[in-house]
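The block underneath contains the structure these notes are about, expressed in structure tokens.
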Amino acid sequence: MSTTIRYDYTAARKLISNDQWNGLHATLQAARDEAYDDIAIMHSGNIPAEKQPLDAGFINYPQGLLDEYAKDKKGSLLGRMIASGEMLKSELERLVVLGIGGSYMGMRAIYEALFDPYHNEQDRASRGNTPKLYFEGNNVDNDAILSLLSLLEKGCTDPKELLQRYGIIVISKSGGTLETAVAFRIFKSALENYYGADSAEAKKFIVPVTGEVGKLRDLSNLKGYPVTFPIPDGIGGRFSVLTAVGLLPAAALGVDIVAMLEGAAAMTKAVKEKPVDENPALSYVAVCHLMEKHKGMHTRILSTWGKKMEAIGLWYDQLLAESLGKEEKGAFPLTIVNTRDLHSRGQQHQEGIRDKMITNMIIENATKTALEIPSVPPEQDKDQLNKFAGKGMPEVMAAAIKGTNMAYDDVNRPTADLLIPNLDAHALGEIFQFFMLATVIEGRLIKINPYGQPGVEAYKQNMNAILSGKM
Ligand code: PA5
């Protein structure tokens with residue numbers, strides 16, 4: 001299957017000279033080739049010092065999962081994720097997903113993109129017989145943790161009743177992340193109290209997703225959880241959404257994870273093969289890089305139109321910040337949600353410092369029927385909206401998008417559009433892979449290792465020292 005999303009950079013391209021554009025092609029293609037060649041280098045085990053760490057495993061992982069699944073629907077890793085997801089879906093009313101950073105943002109993006117914003121407020125049948133979803137372990141916020149514990153305690157009194165059963169997917173690649181480990185200790189204890197510490201349910205309804213070695217793996221072995229899923233070596237946290245990290249909770253909510261992987265694999269192929277002008281990731285990197293280099297556009301705004309894509313933007317914020325924010329380089333990512341943020345940030349984007357490259361994320365087809373602005377009797381038309389009566393909300397949104405981008409264009413503020421015909425599982429797979437590949441290719445282009453996040457260690461060491469009374 002081919003890709004469906006399109007990157008239209010016509011508006012921004014007008015601000016880039018032909019010399020700048022054409023002059024980048026050879027180095028950009030070399031950066032792309034280096035990103036893909038890194039896969040073989042990684043597997044050779046002979047990784048040069050300047051390339052370490054090297055986590056290029058995410059590039060071919062979606063196709064690898066699909067190939068294995070095609071040969072063995074039940075025994076393959078993907079087949080087992082689907083089966084485990086189906087078990088959690090059919091046996092649980094509530095699912096708590098514990099994780100932080102790359103072990104959290106991806107599933108949140110999937111959830112917000114594909115599910116009703118009031119999913120948890122609906123009855124089970126209206127939710128398509130899927131569990132309610134809660135995220136924790138992404139902070140050390142006392143009150144938030146207590147609120148969820150209290151909700152579970154009040155809502156769950158008879159573990160034999162489907163509507164009163166909950167389970168946990170705990171996700172941590174290292175297994176040593178404090179936020180997730182603390183939350184797991186707390187929620188595991190609550191779950192064991194509920195089902196009985198040594199009961200089959202207390203084991204079955206906890207599914208760890210973790211690296212092959214580490215504290216969570218050790219704990220999982222000790223507890224004897226019947227099902228665990230790996231986060232492979234060679235795939236870093238923020239590149240792991242298309243491993244069990246995102247796929248297992250998505251499957252537990254009934255998402256078509258095969259379609260998601262097919263979207264990602266199609267994007268991997270397109271980025272590898274297409275020439276710069278038609279290549280979504282290469283042209284995105286070219287536009288962003290040239291704008292930054294020649295026009296000082298260091299702030300990279302992901303302008304999401306509609307509420308479903310905010311968490312995709314937050315996922316991308318992490319991806320860009322942790323991958324390229326090194327050696328005093330790397331653009332500053334900022335996600336906004338329009339039209340909401342036109343009323344907060346719009347002024348600055350129109351007239352503030354010229355340091356912003358705006359990428360619009362636009363869903364072309366609304367999933368639900370268009371809601372129309374109602375007409376009222378003339379004497380009640382005090383809000384003067386009758387002149388718009390009959391127009392659908394998608395039409396209003398389209399006018400907002402067009403009007404905003406025309407206003408930016410009029411004053412030479414660069415924009416480009418990431419166009420998504422339908423925001424479904426396939427498109428989401430494409431989007432994840434598009435941004436991950438673009439980030440890695442940009443890293444190779446600007447000579448920054450996109451993998452690893454050495455700067456995150458400093459705060460962790462201080463926090464541990466303070467808690468241990470050593471500071
Ligand atoms: O991108 C990364 O590697 C990080 O953001 C991690 O995902 C995050 O720190 C969580 O790590 P872990 O999965 O080991 O708990």
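Ordering of the structure tokens sets the chain letters (A, B, ...); residue numbers start at 1 within each chain; ligands are numbered from 1 in the order shown.
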
Skipping near chain neighbours, those fewer than 2 positions away, what residues fall within 9 Å of region 248-255 of chain A using only C-alpha atoms, listed as a ChimeraX atom specification?
/A:81-90,95,97,107,110-111,114,128-133,169,209,229,243-246,257-260,425

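Neighbours of ligand 1 at a cut-off of 8 Å, computed so that only C-alpha atoms and all ligand atoms are counted, are the residues Gly99, Ile100, Gly101, Gly102, Ser103, Tyr104, Ile171, Ser172, Lys173, Ser174, Gly175, Gly176, Thr177, Leu178, Thr180, Thr210, Gly236, Gly237, Arg238, Phe239, Ser240, Gln318, Leu319, Glu322, Gly452, Gln453 and Val456 of chain A.
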
As a VMD selection string, please: all residues of region 341-415 of chain A that backbone DSSP puts in alpha helix (DSSP H).
chain A and resid 346 to 351 393 to 410

Residues of the last selection are to be written out with C-alpha atoms, as a short mmCIF file (atom, residue, chain, number, x, y, z; two decimals), in the first residue's frame.
```cif
data_model
loop_
_atom_site.label_atom_id
_atom_site.label_comp_id
_atom_site.auth_asym_id
_atom_site.auth_seq_id
_atom_site.Cartn_x
_atom_site.Cartn_y
_atom_site.Cartn_z
CA GLY A 346 -1.58 34.19 16.67
CA GLN A 347 -0.48 37.78 17.28
CA GLN A 348 3.13 36.74 17.74
CA HIS A 349 3.11 34.48 14.72
CA GLN A 350 1.79 37.30 12.53
CA GLU A 351 3.95 40.14 13.84
CA MET A 393 -17.99 23.43 10.88
CA PRO A 394 -15.46 21.88 8.44
CA GLU A 395 -16.16 24.82 6.11
CA VAL A 396 -15.51 27.26 8.96
CA MET A 397 -12.28 25.42 9.77
CA ALA A 398 -11.20 25.50 6.11
CA ALA A 399 -11.81 29.27 6.05
CA ALA A 400 -9.73 29.69 9.20
CA ILE A 401 -6.86 27.68 7.72
CA LYS A 402 -6.94 29.50 4.40
CA GLY A 403 -7.36 32.94 5.98
CA THR A 404 -4.54 32.42 8.46
CA ASN A 405 -2.07 31.15 5.90
CA MET A 406 -2.93 33.93 3.47
CA ALA A 407 -2.27 36.45 6.25
CA TYR A 408 1.13 34.87 6.94
CA ASP A 409 1.93 34.67 3.24
CA ASP A 410 1.08 38.37 2.78
#
```

What does the distance from CA of Ala286 (chain A) to CA of Asp424 (chain A) come to in Å, to one decimal?
27.1 Å

If we count only C-alpha atoms and set the cut-off at 12 Å, which residues sit around Ala30 (chain A), ignoring sequence neighbours fewer than 6 positions away in its own chain? Please answer as a tab-separated table (two decimals) with N, CA and C atoms, in the first residue's frame.
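Dumped everything to around.tsv:
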```
chain	number	residue	atom	x	y	z
A	24	LEU	N	21.13	22.00	-1.96
A	24	LEU	CA	21.06	21.10	-0.80
A	24	LEU	C	20.84	19.64	-1.20
A	36	TYR	N	19.77	5.38	6.35
A	36	TYR	CA	19.36	4.01	6.02
A	36	TYR	C	20.56	3.04	6.11
A	37	ASP	N	21.74	3.52	5.71
A	37	ASP	CA	22.92	2.65	5.79
A	37	ASP	C	23.27	2.32	7.25
A	38	ASP	N	22.84	3.18	8.15
A	38	ASP	CA	23.11	2.94	9.58
A	38	ASP	C	22.49	1.63	10.07
A	272	LYS	N	12.87	6.33	1.23
A	272	LYS	CA	14.10	5.73	0.71
A	272	LYS	C	14.23	5.94	-0.80
A	276	VAL	N	14.05	14.23	-4.03
A	276	VAL	CA	13.81	15.24	-2.99
A	276	VAL	C	12.46	15.94	-3.15
A	282	LEU	N	12.24	14.23	2.93
A	282	LEU	CA	13.38	15.01	2.45
A	282	LEU	C	12.97	16.46	2.18
A	441	ILE	N	17.24	12.03	9.57
A	441	ILE	CA	17.92	12.56	8.37
A	441	ILE	C	18.43	13.97	8.66
A	442	GLU	N	17.64	14.77	9.34
A	442	GLU	CA	18.11	16.12	9.67
A	442	GLU	C	19.33	16.06	10.59
A	443	GLY	N	19.31	15.11	11.53
A	443	GLY	CA	20.47	14.95	12.41
A	443	GLY	C	21.72	14.66	11.61
A	444	ARG	N	21.61	13.72	10.67
A	444	ARG	CA	22.79	13.38	9.85
A	444	ARG	C	23.20	14.59	9.01
A	445	LEU	N	22.23	15.37	8.56
A	445	LEU	CA	22.53	16.55	7.74
A	445	LEU	C	23.31	17.60	8.54
A	446	ILE	N	22.91	17.83	9.79
A	446	ILE	CA	23.57	18.89	10.57
A	446	ILE	C	24.67	18.33	11.48
A	447	LYS	N	25.01	17.07	11.25
A	447	LYS	CA	26.10	16.42	11.99
A	447	LYS	C	25.84	16.36	13.49
```

Quick one: of A:Arg413, A:Arg345, A:Lys204, A:Lys215, who's nearest to Ile168 (chain A), counting only C-alpha atoms?
A:Lys204

From a DSSP calculation on the backbone, collect every residue of region 45-227 of chain A in strand (DSSP E) and output the set as JSON, numbers by chain.
{"A": [94, 95, 96, 97, 98, 132, 133, 134, 135, 136, 166, 167, 168, 169, 170, 171, 172, 206, 207, 208, 209, 210]}

Please dump the current selection as a JSON list (two decimals), in the first residue's frame; keep C-alpha atoms.
```
[["chain", "number", "residue", "atom", "x", "y", "z"],
["A", 94, "ARG", "CA", -10.25, -0.02, 32.58],
["A", 95, "LEU", "CA", -6.68, -0.05, 31.35],
["A", 96, "VAL", "CA", -3.93, 1.92, 33.08],
["A", 97, "VAL", "CA", -0.86, 2.58, 30.94],
["A", 98, "LEU", "CA", 2.25, 3.49, 32.93],
["A", 132, "LYS", "CA", -11.42, 3.05, 29.32],
["A", 133, "LEU", "CA", -7.86, 4.32, 29.18],
["A", 134, "TYR", "CA", -5.78, 6.14, 31.81],
["A", 135, "PHE", "CA", -2.16, 7.27, 31.70],
["A", 136, "GLU", "CA", 0.07, 7.45, 34.76],
["A", 166, "TYR", "CA", -8.82, -3.17, 35.51],
["A", 167, "GLY", "CA", -5.34, -3.99, 34.35],
["A", 168, "ILE", "CA", -1.96, -2.38, 33.82],
["A", 169, "ILE", "CA", 0.44, -2.14, 30.90],
["A", 170, "VAL", "CA", 3.73, -0.91, 32.36],
["A", 171, "ILE", "CA", 6.21, 0.38, 29.81],
["A", 172, "SER", "CA", 9.85, 1.21, 30.45],
["A", 206, "ILE", "CA", -0.22, -6.83, 34.37],
["A", 207, "VAL", "CA", 1.64, -6.79, 31.07],
["A", 208, "PRO", "CA", 5.15, -5.35, 31.17],
["A", 209, "VAL", "CA", 6.76, -3.93, 28.03],
["A", 210, "THR", "CA", 10.47, -3.52, 28.62]]
```
